[in-house]
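Everything below belongs to query_28.txt, which stores compact mmCIF, C-alpha atoms.
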# COMPACT_ATOMS: atom_id res chain seq x y z
CA MET A 1 -3.88 -17.54 6.50
CA PRO A 2 -7.36 -17.92 4.94
CA GLN A 3 -7.62 -18.48 1.21
CA ALA A 4 -7.35 -15.28 -0.83
CA HIS A 5 -9.92 -14.71 -3.56
CA GLN A 6 -8.33 -13.58 -6.80
CA LEU A 7 -9.93 -11.29 -9.34
CA ILE A 8 -11.19 -12.56 -12.68
CA PRO A 9 -8.19 -12.31 -15.08
CA ILE A 10 -8.17 -9.64 -17.78
CA GLU A 11 -6.66 -10.51 -21.16
CA LEU A 12 -3.09 -9.28 -21.47
CA SER A 13 -2.04 -6.79 -24.10
CA ASP A 14 0.02 -7.99 -27.07
CA ALA A 15 3.51 -7.31 -25.75
CA THR A 16 4.94 -7.06 -29.28
CA GLN A 17 2.74 -4.02 -29.94
CA LEU A 18 3.58 -2.04 -26.80
CA ASP A 19 5.66 1.13 -26.84
CA ARG A 20 6.85 0.50 -23.27
CA MET A 21 7.36 -2.67 -21.23
CA GLU A 22 7.14 -1.10 -17.75
CA GLU A 23 3.74 -0.12 -16.39
CA HIS A 24 1.98 -0.08 -19.75
CA ARG A 25 -1.41 1.45 -19.02
CA ARG A 26 -4.90 0.95 -20.42
CA VAL A 27 -7.46 3.48 -19.15
CA PHE A 28 -11.27 3.25 -18.87
CA GLY A 29 -12.97 6.40 -17.64
CA LEU A 30 -16.17 7.00 -15.70
CA ARG A 31 -17.65 10.18 -14.25
CA ASP A 32 -16.28 9.66 -10.72
CA CYS A 33 -13.89 6.77 -11.24
CA GLN A 34 -11.07 5.76 -13.55
CA LEU A 35 -9.91 2.19 -14.10
CA SER A 36 -6.28 1.68 -15.12
CA ILE A 37 -4.87 -1.73 -16.05
CA PHE A 38 -1.09 -1.70 -15.60
CA GLU A 39 1.15 -4.35 -17.17
CA THR A 40 4.90 -4.79 -16.75
CA TYR A 41 7.05 -7.19 -18.78
CA ASN A 42 10.55 -6.25 -17.54
CA LYS A 43 12.27 -6.34 -14.18
CA CYS A 44 12.54 -2.80 -12.90
CA PRO A 45 13.22 -1.21 -9.48
CA ASP A 46 12.01 1.88 -7.67
CA VAL A 47 9.02 2.97 -9.75
CA ALA A 48 7.07 5.86 -8.20
CA LEU A 49 3.39 5.34 -7.36
CA SER A 50 1.36 8.37 -6.32
CA SER A 51 -2.35 9.02 -6.13
CA GLN A 52 -4.95 11.71 -6.49
CA GLY A 53 -8.14 10.86 -4.67
CA LEU A 54 -8.53 7.32 -3.35
CA VAL A 55 -6.79 4.49 -5.23
CA ILE A 56 -7.92 0.89 -4.78
CA SER A 57 -5.21 -1.31 -6.26
CA SER A 58 -5.69 -5.06 -6.76
CA MET A 59 -3.10 -7.50 -8.08
CA MET A 60 -4.14 -9.82 -10.90
CA ARG A 61 -0.90 -11.49 -12.07
CA GLY A 62 2.69 -11.75 -10.88
CA ARG A 63 4.35 -10.12 -7.90
CA LYS A 64 5.63 -6.70 -7.01
CA VAL A 65 7.07 -5.17 -3.87
CA LEU A 66 5.54 -2.00 -2.43
CA SER A 67 7.53 0.32 -0.15
CA GLN A 68 6.28 3.15 2.02
CA PRO A 69 8.21 6.36 2.72
CA ALA A 70 8.75 5.13 6.30
CA GLY A 71 10.65 2.14 4.92
CA GLU A 72 8.10 -0.67 5.39
CA HIS A 73 7.88 -2.95 2.37
CA PHE A 74 5.78 -5.98 1.50
CA ASP A 75 5.01 -8.38 -1.33
CA PHE A 76 1.87 -7.58 -3.31
CA VAL A 77 0.40 -10.65 -5.02
CA PRO A 78 -2.88 -11.80 -6.65
CA GLY A 79 -5.73 -12.07 -4.16
CA GLU A 80 -4.66 -8.90 -2.35
CA SER A 81 -5.63 -5.23 -2.49
CA VAL A 82 -4.34 -1.96 -1.08
CA ILE A 83 -6.03 1.40 -0.57
CA ILE A 84 -3.92 4.53 -1.03
CA PRO A 85 -5.32 7.88 0.16
CA ASP A 86 -4.96 11.20 -1.60
CA GLY A 87 -1.40 12.55 -1.76
CA ILE A 88 0.44 9.44 -0.52
CA SER A 89 3.39 8.15 -2.57
CA MET A 90 4.84 4.63 -2.60
CA ARG A 91 7.73 2.97 -4.42
CA VAL A 92 7.30 -0.20 -6.46
CA ASP A 93 9.81 -2.89 -7.46
CA PHE A 94 9.19 -5.59 -10.08
CA PRO A 95 11.78 -8.27 -9.19
CA GLU A 96 10.42 -11.10 -11.37
CA ALA A 97 8.60 -9.50 -14.32
CA ASP A 98 9.48 -10.71 -17.81
CA ALA A 99 7.70 -11.71 -21.01
CA HIS A 100 6.78 -15.10 -19.51
CA HIS A 101 5.85 -13.74 -16.07
CA PRO A 102 4.10 -10.40 -16.64
CA VAL A 103 2.78 -8.36 -13.74
CA GLN A 104 -0.79 -7.08 -14.09
CA CYS A 105 -2.57 -4.80 -11.64
CA ALA A 106 -5.98 -3.07 -11.66
CA ASN A 107 -6.14 0.43 -10.16
CA LEU A 108 -9.45 2.12 -9.43
CA ALA A 109 -8.93 5.86 -8.87
CA LEU A 110 -11.90 7.50 -7.12
CA GLU A 111 -12.42 11.25 -6.91
CA TRP A 112 -12.02 12.13 -3.22
CA GLY A 113 -15.14 14.27 -3.01
CA MET A 114 -17.16 11.34 -4.33
CA VAL A 115 -15.68 9.06 -1.66
CA GLU A 116 -16.68 11.52 1.06
CA ARG A 117 -20.20 11.88 -0.36
CA ASN A 118 -20.69 8.12 -0.47
CA LEU A 119 -19.43 7.63 3.09
CA ALA A 120 -21.73 10.44 4.24
CA PHE A 121 -24.64 8.72 2.45
CA LEU A 122 -23.90 5.42 4.22
CA ASN A 123 -23.68 7.12 7.62
CA GLU A 124 -26.89 9.09 7.07
CA GLN A 125 -29.01 6.32 5.56
CA TYR A 126 -27.52 3.25 7.28
CA PRO A 127 -25.92 4.53 10.51
CA ASN A 128 -23.61 2.28 12.47
CA THR A 129 -25.24 2.18 15.90
CA GLU A 130 -22.32 0.62 17.79
CA ALA A 131 -18.66 1.62 18.31
CA PRO A 132 -16.87 3.00 16.34
CA PHE A 133 -20.28 4.46 15.28
CA THR A 134 -19.28 5.57 11.77
CA TRP A 135 -18.57 3.91 8.45
CA LYS A 136 -15.06 5.06 7.58
CA LEU A 137 -11.96 3.79 5.81
CA ASP A 138 -9.06 2.81 8.05
CA PHE A 139 -5.82 3.74 6.30
CA SER A 140 -3.75 2.03 9.00
CA ARG A 141 -5.14 -1.20 7.48
CA TYR A 142 -4.39 -0.34 3.88
CA HIS A 143 -3.16 -3.79 2.76
CA PHE A 144 -5.56 -6.71 2.99
CA GLN A 145 -6.50 -10.04 1.52
CA ASN A 146 -9.56 -10.21 -0.72
CA ASN A 147 -12.44 -12.24 0.63
CA ARG A 148 -15.11 -13.56 -1.72
CA GLU A 149 -17.42 -10.57 -1.26
CA LEU A 150 -14.73 -7.95 -1.77
CA ALA A 151 -13.33 -9.69 -4.87
CA SER A 152 -16.85 -9.88 -6.32
CA SER A 153 -17.38 -6.14 -5.72
CA ILE A 154 -14.08 -5.20 -7.39
CA ASN A 155 -14.75 -7.54 -10.31
CA ARG A 156 -18.15 -5.95 -10.84
CA LEU A 157 -16.79 -2.41 -10.90
CA ILE A 158 -14.00 -3.41 -13.30
CA SER A 159 -16.56 -5.03 -15.59
CA ILE A 160 -18.77 -1.91 -15.52
CA SER A 161 -15.77 0.34 -16.24
CA MET A 162 -14.92 -1.68 -19.36
CA GLU A 163 -18.50 -1.74 -20.69
CA ASP A 164 -19.60 0.28 -23.69
CA SER A 165 -22.92 1.34 -22.20
CA SER A 166 -24.66 4.66 -21.70
CA ALA A 167 -25.82 3.44 -18.28
CA LYS A 168 -22.39 2.58 -16.91
CA ASP A 169 -22.02 5.77 -14.86
CA ALA A 170 -25.28 5.00 -13.04
CA LEU A 171 -24.24 1.37 -12.52
CA ALA A 172 -20.83 2.47 -11.27
CA ASP A 173 -22.37 4.92 -8.79
CA LEU A 174 -24.34 2.11 -7.15
CA SER A 175 -21.38 -0.29 -7.27
CA LEU A 176 -19.00 2.23 -5.70
CA LYS A 177 -21.18 2.50 -2.59
CA PHE A 178 -21.21 -1.27 -2.37
CA LEU A 179 -17.42 -1.50 -2.86
CA LEU A 180 -16.64 1.09 -0.18
CA LEU A 181 -18.84 -0.75 2.31
CA ARG A 182 -17.17 -4.08 1.47
CA ILE A 183 -13.73 -2.56 2.05
CA ILE A 184 -14.82 -1.23 5.45
CA GLN A 185 -16.33 -4.61 6.37
CA THR A 186 -13.12 -6.37 5.30
CA GLN A 187 -11.10 -4.04 7.52
CA ASN A 188 -13.53 -4.53 10.42
CA LEU A 189 -13.34 -8.31 10.09
CA ALA A 190 -9.53 -8.12 10.13
CA LEU A 191 -9.85 -6.07 13.32
CA LEU A 192 -12.01 -8.74 14.98
CA LEU A 193 -9.62 -11.49 13.89
CA GLN A 194 -6.72 -9.87 15.74
CA PRO A 195 -5.43 -11.85 18.75
CA ALA A 196 -6.80 -9.12 21.06
CA PRO A 197 -9.24 -6.74 19.35
CA ALA A 198 -9.38 -3.29 20.93
CA GLN A 199 -12.09 -3.16 23.60
CA GLU A 200 -13.53 0.11 22.30
CA PHE A 201 -14.55 -1.59 19.07
CA GLN A 202 -17.92 -3.14 18.54
CA PHE A 203 -18.22 -6.84 19.41
CA ALA A 204 -14.78 -7.12 21.06
CA GLY A 205 -16.48 -8.73 24.07
CA VAL A 206 -18.31 -11.17 21.81
CA VAL A 207 -15.04 -12.18 20.15
CA GLU A 208 -13.43 -12.75 23.55
CA HIS A 209 -16.39 -14.92 24.62
CA ILE A 210 -16.18 -16.97 21.41
CA ARG A 211 -12.47 -17.62 21.87
CA GLN A 212 -12.96 -18.71 25.48
CA HIS A 213 -15.68 -21.21 24.51
CA LEU A 214 -14.59 -22.59 21.12
CA GLN A 215 -14.60 -26.17 22.40
CA ASN A 216 -18.26 -25.80 23.46
CA PRO A 217 -21.42 -25.42 21.37
CA ILE A 218 -22.00 -21.73 20.59
CA ALA A 219 -25.42 -20.37 19.59
CA VAL A 220 -26.37 -16.96 18.22
CA ASP A 221 -28.76 -16.49 21.18
CA GLU A 222 -25.83 -16.86 23.57
CA LEU A 223 -23.71 -14.32 21.64
CA ALA A 224 -26.61 -11.88 21.51
CA ARG A 225 -26.88 -12.04 25.32
CA VAL A 226 -23.15 -11.31 25.63
CA ALA A 227 -23.60 -8.31 23.33
CA GLY A 228 -26.67 -7.16 25.29
CA MET A 229 -28.80 -7.16 22.15
CA SER A 230 -31.81 -8.99 20.79
CA LYS A 231 -30.96 -11.93 18.54
CA PRO A 232 -32.24 -10.30 15.29
CA LEU A 233 -30.50 -6.99 16.04
CA PHE A 234 -27.24 -8.70 17.00
CA TYR A 235 -27.24 -10.86 13.86
CA ARG A 236 -27.97 -7.86 11.63
CA ASP A 237 -25.41 -5.55 13.21
CA PHE A 238 -22.64 -8.17 13.38
CA LYS A 239 -23.04 -8.98 9.69
CA ALA A 240 -23.24 -5.29 8.75
CA PHE A 241 -20.07 -4.56 10.74
CA SER A 242 -17.94 -7.48 9.54
CA GLY A 243 -19.55 -8.71 6.33
CA THR A 244 -19.92 -12.20 7.80
CA THR A 245 -22.44 -13.97 10.05
CA PRO A 246 -21.73 -14.73 13.72
CA LEU A 247 -21.63 -18.49 13.14
CA GLU A 248 -19.34 -18.11 10.12
CA PHE A 249 -17.01 -16.12 12.37
CA VAL A 250 -17.12 -18.96 14.93
CA VAL A 251 -16.17 -21.43 12.19
CA ARG A 252 -13.21 -19.24 11.15
CA GLU A 253 -12.02 -19.02 14.75
CA ARG A 254 -12.25 -22.80 15.14
CA ILE A 255 -10.29 -23.27 11.92
CA ALA A 256 -7.62 -20.88 13.25
CA LEU A 257 -7.43 -22.93 16.45
CA SER A 258 -7.21 -26.19 14.49
CA LYS A 259 -4.23 -24.78 12.56
CA GLN A 260 -2.43 -24.26 15.86
CA ARG A 261 -3.18 -27.87 16.76
CA LEU A 262 -2.01 -29.15 13.37
CA ALA A 263 1.36 -27.42 13.81
CA ASP A 264 2.18 -30.38 16.07
CA PRO A 265 2.91 -33.36 13.75
CA ALA A 266 1.93 -35.74 16.56
CA ILE A 267 -1.66 -34.44 16.46
CA SER A 268 -3.99 -36.22 14.04
CA VAL A 269 -6.52 -34.42 11.86
CA SER A 270 -9.27 -36.05 13.89
CA GLU A 271 -7.81 -34.78 17.18
CA ALA A 272 -7.41 -31.27 15.75
CA CYS A 273 -11.02 -31.38 14.60
CA TYR A 274 -12.65 -32.34 17.89
CA SER A 275 -10.32 -30.30 20.13
CA SER A 276 -11.20 -27.17 18.12
CA GLY A 277 -14.93 -27.46 18.73
CA PHE A 278 -16.07 -29.33 15.61
CA ASN A 279 -18.20 -32.43 16.15
CA ASN A 280 -18.08 -33.86 12.63
CA LEU A 281 -14.81 -34.74 10.88
CA ASN A 282 -16.12 -34.52 7.32
CA TYR A 283 -17.67 -31.12 8.00
CA PHE A 284 -14.38 -29.92 9.52
CA ILE A 285 -12.40 -31.01 6.46
CA ARG A 286 -14.86 -29.29 4.09
CA GLN A 287 -14.78 -26.05 6.06
CA PHE A 288 -10.99 -26.12 6.38
CA LYS A 289 -10.57 -26.52 2.63
CA ARG A 290 -13.17 -23.81 1.90
CA ILE A 291 -11.40 -21.28 4.11
CA GLU A 292 -7.74 -22.26 3.68
CA GLY A 293 -7.82 -23.64 0.14
CA ILE A 294 -6.20 -26.96 1.15
CA THR A 295 -7.11 -29.95 3.31
CA PRO A 296 -6.04 -30.16 6.97
CA LYS A 297 -3.66 -33.03 6.13
CA ALA A 298 -2.02 -31.06 3.32
CA PHE A 299 -1.68 -28.08 5.65
CA GLN A 300 0.00 -30.22 8.31
CA GLN A 301 2.48 -31.59 5.75
CA MET A 302 3.55 -28.16 4.52

Can I see the file as structure tokens?
Amino acid sequence: MPQAHQLIPIELSDATQLDRMEEHRRVFGLRDCQLSIFETYNKCPDVALSSQGLVISSMMRGRKVLSQPAGEHFDFVPGESVIIPDGISMRVDFPEADAHHPVQCANLALEWGMVERNLAFLNEQYPNTEAPFTWKLDFSRYHFQNNRELASSINRLISISMEDSSAKDALADLSLKFLLLRIIQTQNLALLLQPAPAQEFQFAGVVEHIRQHLQNPIAVDELARVAGMSKPLFYRDFKAFSGTTPLEFVVRERIALSKQRLADPAISVSEACYSSGFNNLNYFIRQFKRIEGITPKAFQQM
């Protein structure tokens, strides 16, 4: 799994001064958004989590377990975020929290009408010209890993929320548009990274072509021809859709293939490099560490 990008830590509260040790809350209000920093210092099970509007929740310290009404549950750790739509409830367990291992989470609660207005603005001013043709949040992909761009957007909005500035509502309004677009791009990229992206989605044919030719040189011109677009238009639309460039996507796919190769202990790092489409070992090692957070050799020894 690619390296998760964690948020910038926020200083913990003084636990000796708190009136409660479970989900202690600090609140910072804006016109259309409210930031809550939750901290838990005791193990506790089955805490209710409900939302009004859209909640973007990002872990900063520790671990908790989120459960849906349908019964699905998953670990929620630093470097990850979830989006929770209006009216949805979840249950939360804190299996490891204590004074030495506090759990800290940042929740951004957005007024639902504001979310709809911002999505309408994006669709009117910057329309998505390819399938699925609209900028929209996908609540079937509510749990995702932060990439660098998404973590930066969340960090910026948290920083603005905590400012003592008369201009922070204006700054937040601009940042919220940016954050919503980054979330959509993160979801779209996850869609493209699926083993078999749905054919009705934009660039599914391009992804299939990339995966069939990873061992060969791949140029943007070639991918643009597959997409039936000019090179500048293809580059622009691919990056707008996924938040990453076509060649960066190719690198990520080659890294994913190299991880499959490295699962075999008889395969050397050099063999994994060249059989995955890289033609320079040092470049491969640098890219692997950038994306995965560890070297290929360390990954193979895990």

At what distance in Å, to one decimal, does atom CA of Thr245 of chain A lie from atom CA of Met229 of chain A?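 These atoms are spaced 15.3 Å apart.
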
For a quick check of understanding, using all atoms listed in the file, which of A:Leu191, A:Val226, A:Ile88, A:Ala99 has the smallest distance to Ser50 of chain A? A:Ile88

If we count all atoms listed in the file and set the cut-off at 9 Å, which residues sit around segment 153-166 of chain A, ignoring sequence neighbours fewer than 6 positions away in its own chain? Please answer as a ChimeraX atom specification. /A:7-8,28-30,33-35,58,106,108,172,175-176,178-179,182

For atom CA of Gln104 of chain A and atom CA of Met59 of chain A, the interatomic separation in Å (one decimal):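 Computing the Euclidean distance for atom CA of Gln104 of chain A and atom CA of Met59 of chain A yields 6.5 Å.
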
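Reported to one decimal place, the separation of atom CA of Asp138 of chain A from atom CA of Arg25 of chain A is 28.2 Å.
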
Write out as number ranges by chain each polymer residue whose atoms come within 10 Å of segment 259-261 of chain A, counting only C-alpha atoms; drop sequence neighbours fewer than 3 positions from it. A: 1, 253-256, 264-269, 271-273, 275-276, 288, 292, 296, 299-300

Written file, previous selection with C-alpha atoms, as a PDB file, keeping the file's coordinate frame:
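Result written to out29.pdb:
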ATOM      1  CA  MET A   1      -3.880 -17.540   6.500  1.00  0.00           C
ATOM      2  CA  GLU A 253     -12.020 -19.020  14.750  1.00  0.00           C
ATOM      3  CA  ARG A 254     -12.250 -22.800  15.140  1.00  0.00           C
ATOM      4  CA  ILE A 255     -10.290 -23.270  11.920  1.00  0.00           C
ATOM      5  CA  ALA A 256      -7.620 -20.880  13.250  1.00  0.00           C
ATOM      6  CA  ASP A 264       2.180 -30.380  16.070  1.00  0.00           C
ATOM      7  CA  PRO A 265       2.910 -33.360  13.750  1.00  0.00           C
ATOM      8  CA  ALA A 266       1.930 -35.740  16.560  1.00  0.00           C
ATOM      9  CA  ILE A 267      -1.660 -34.440  16.460  1.00  0.00           C
ATOM     10  CA  SER A 268      -3.990 -36.220  14.040  1.00  0.00           C
ATOM     11  CA  VAL A 269      -6.520 -34.420  11.860  1.00  0.00           C
ATOM     12  CA  GLU A 271      -7.810 -34.780  17.180  1.00  0.00           C
ATOM     13  CA  ALA A 272      -7.410 -31.270  15.750  1.00  0.00           C
ATOM     14  CA  CYS A 273     -11.020 -31.380  14.600  1.00  0.00           C
ATOM     15  CA  SER A 275     -10.320 -30.300  20.130  1.00  0.00           C
ATOM     16  CA  SER A 276     -11.200 -27.170  18.120  1.00  0.00           C
ATOM     17  CA  PHE A 288     -10.990 -26.120   6.380  1.00  0.00           C
ATOM     18  CA  GLU A 292      -7.740 -22.260   3.680  1.00  0.00           C
ATOM     19  CA  PRO A 296      -6.040 -30.160   6.970  1.00  0.00           C
ATOM     20  CA  PHE A 299      -1.680 -28.080   5.650  1.00  0.00           C
ATOM     21  CA  GLN A 300       0.000 -30.220   8.310  1.00  0.00           C
TER      22      GLN A 300
END

Using only C-alpha atoms, pick whichever of A:Lys177, A:His209, A:His24, A:Tyr41 has the shortest atom-to-atom distance to Tyr126 of chain A. A:Lys177

Return the single residue from A:Ser57, A:Asn188, A:Ser152, A:Asn147 that is closest to Ala240 of chain A, with distances computed using all atoms listed in the file. A:Asn188

Could you make a table, as CSV, of the residues of segment 89-149 of chain A that have an atom within 6 Å of an atom of segment 42-49 of chain A, each with its nearest atom pair and distance in Å to one decimal, counting only C-alpha atoms, in chain and number order?
residue,atom,partner,partner_atom,distance
A:Ser89,CA,A:Leu49,CA,5.6
A:Met90,CA,A:Leu49,CA,5.0
A:Arg91,CA,A:Ala48,CA,4.8
A:Val92,CA,A:Val47,CA,4.9
A:Asp93,CA,A:Pro45,CA,4.3
A:Phe94,CA,A:Lys43,CA,5.2
A:Pro95,CA,A:Lys43,CA,5.4
A:Glu96,CA,A:Lys43,CA,5.8
A:Ala97,CA,A:Lys43,CA,4.8
A:Asp98,CA,A:Asn42,CA,4.6

Using all atoms listed in the file, which of A:Gly243, A:Pro9, A:Pro69, A:Pro127 sits nearest Cys105 of chain A? A:Pro9

Would you pick out the contacts of Ile56 of chain A at 8 Å or less, using all atoms listed in the file, so that residues sharing its chain but fewer than 2 positions from it are not included, and give the list as a PyMOL selection string? chain A and resi 54+58+81-84+107-109

Rank nothing, just name the residue among A:Ile285, A:Val65, A:Ala167, A:Ile291 nearest to Arg148 of chain A, using all atoms listed in the file.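 Ranking A:Ile285, A:Val65, A:Ala167, A:Ile291 by distance to Arg148 of chain A, first place goes to A:Ile291.
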
Restricting the calculation to only C-alpha atoms, which member of A:Ala263, A:Trp135, A:Gln287, A:His143 is positioned closest to Ser67 of chain A?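 Looking only at the distances to Ser67 of chain A, the closest residue turns out to be A:His143.
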
For Ala227 of chain A: contacts at 8 Å, all atoms listed in the file, fewer than 6 positions along chain excluded, given as JSON, numbers by chain: {"A": [203, 205, 206, 234]}

Please write the residues from the selection above to a file, keeping C-alpha atoms, as a compact mmCIF listing (two decimals), in the frame of the given file.
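The new file out_30.txt reads:
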# COMPACT_ATOMS: atom_id res chain seq x y z
CA PHE A 203 -18.22 -6.84 19.41
CA GLY A 205 -16.48 -8.73 24.07
CA VAL A 206 -18.31 -11.17 21.81
CA PHE A 234 -27.24 -8.70 17.00

Could you give me the centre and size, in Å to one decimal, of an axis-aligned box around all listed atoms of segment 226-244 of chain A with 4 Å added on every side, as AutoDock Vina command-line options?
--center_x -25.1 --center_y -8.4 --center_z 16.0 --size_x 22.3 --size_y 15.6 --size_z 27.3

With N, CA and C atoms as the goal, would you fill in the gaps in segment 13-27 of chain A and present it as a PDB file, in the frame of the given file?
ATOM      1  N   SER A  13      -2.312  -7.473 -22.838  1.00  0.00           N
ATOM      2  CA  SER A  13      -2.040  -6.790 -24.100  1.00  0.00           C
ATOM      3  C   SER A  13      -1.036  -7.615 -24.911  1.00  0.00           C
ATOM      4  N   ASP A  14      -0.986  -7.368 -26.203  1.00  0.00           N
ATOM      5  CA  ASP A  14       0.020  -7.990 -27.070  1.00  0.00           C
ATOM      6  C   ASP A  14       1.342  -7.279 -26.824  1.00  0.00           C
ATOM      7  N   ALA A  15       2.259  -7.957 -26.143  1.00  0.00           N
ATOM      8  CA  ALA A  15       3.510  -7.310 -25.750  1.00  0.00           C
ATOM      9  C   ALA A  15       4.326  -6.830 -26.939  1.00  0.00           C
ATOM     10  N   THR A  16       4.162  -7.466 -28.097  1.00  0.00           N
ATOM     11  CA  THR A  16       4.940  -7.060 -29.280  1.00  0.00           C
ATOM     12  C   THR A  16       4.472  -5.730 -29.837  1.00  0.00           C
ATOM     13  N   GLN A  17       3.291  -5.271 -29.425  1.00  0.00           N
ATOM     14  CA  GLN A  17       2.740  -4.020 -29.940  1.00  0.00           C
ATOM     15  C   GLN A  17       2.871  -2.858 -28.960  1.00  0.00           C
ATOM     16  N   LEU A  18       3.509  -3.083 -27.826  1.00  0.00           N
ATOM     17  CA  LEU A  18       3.580  -2.040 -26.800  1.00  0.00           C
ATOM     18  C   LEU A  18       4.764  -1.111 -27.037  1.00  0.00           C
ATOM     19  N   ASP A  19       4.572   0.162 -26.711  1.00  0.00           N
ATOM     20  CA  ASP A  19       5.660   1.130 -26.840  1.00  0.00           C
ATOM     21  C   ASP A  19       6.518   1.193 -25.585  1.00  0.00           C
ATOM     22  N   ARG A  20       6.055   0.582 -24.492  1.00  0.00           N
ATOM     23  CA  ARG A  20       6.850   0.500 -23.270  1.00  0.00           C
ATOM     24  C   ARG A  20       6.521  -0.805 -22.562  1.00  0.00           C
ATOM     25  N   MET A  21       7.522  -1.363 -21.882  1.00  0.00           N
ATOM     26  CA  MET A  21       7.360  -2.670 -21.230  1.00  0.00           C
ATOM     27  C   MET A  21       7.199  -2.546 -19.721  1.00  0.00           C
ATOM     28  N   GLU A  22       7.318  -1.327 -19.190  1.00  0.00           N
ATOM     29  CA  GLU A  22       7.140  -1.100 -17.750  1.00  0.00           C
ATOM     30  C   GLU A  22       5.880  -0.267 -17.526  1.00  0.00           C
ATOM     31  N   GLU A  23       4.967  -0.810 -16.761  1.00  0.00           N
ATOM     32  CA  GLU A  23       3.740  -0.120 -16.390  1.00  0.00           C
ATOM     33  C   GLU A  23       2.972   0.416 -17.604  1.00  0.00           C
ATOM     34  N   HIS A  24       2.871  -0.430 -18.628  1.00  0.00           N
ATOM     35  CA  HIS A  24       1.980  -0.080 -19.750  1.00  0.00           C
ATOM     36  C   HIS A  24       0.564   0.064 -19.206  1.00  0.00           C
ATOM     37  N   ARG A  25      -0.136   1.087 -19.650  1.00  0.00           N
ATOM     38  CA  ARG A  25      -1.410   1.450 -19.020  1.00  0.00           C
ATOM     39  C   ARG A  25      -2.543   1.494 -20.034  1.00  0.00           C
ATOM     40  N   ARG A  26      -3.634   0.816 -19.685  1.00  0.00           N
ATOM     41  CA  ARG A  26      -4.900   0.950 -20.420  1.00  0.00           C
ATOM     42  C   ARG A  26      -5.892   1.648 -19.486  1.00  0.00           C
ATOM     43  N   VAL A  27      -6.608   2.636 -19.991  1.00  0.00           N
ATOM     44  CA  VAL A  27      -7.460   3.480 -19.150  1.00  0.00           C
ATOM     45  C   VAL A  27      -8.913   3.385 -19.600  1.00  0.00           C
TER      46      VAL A  27
END
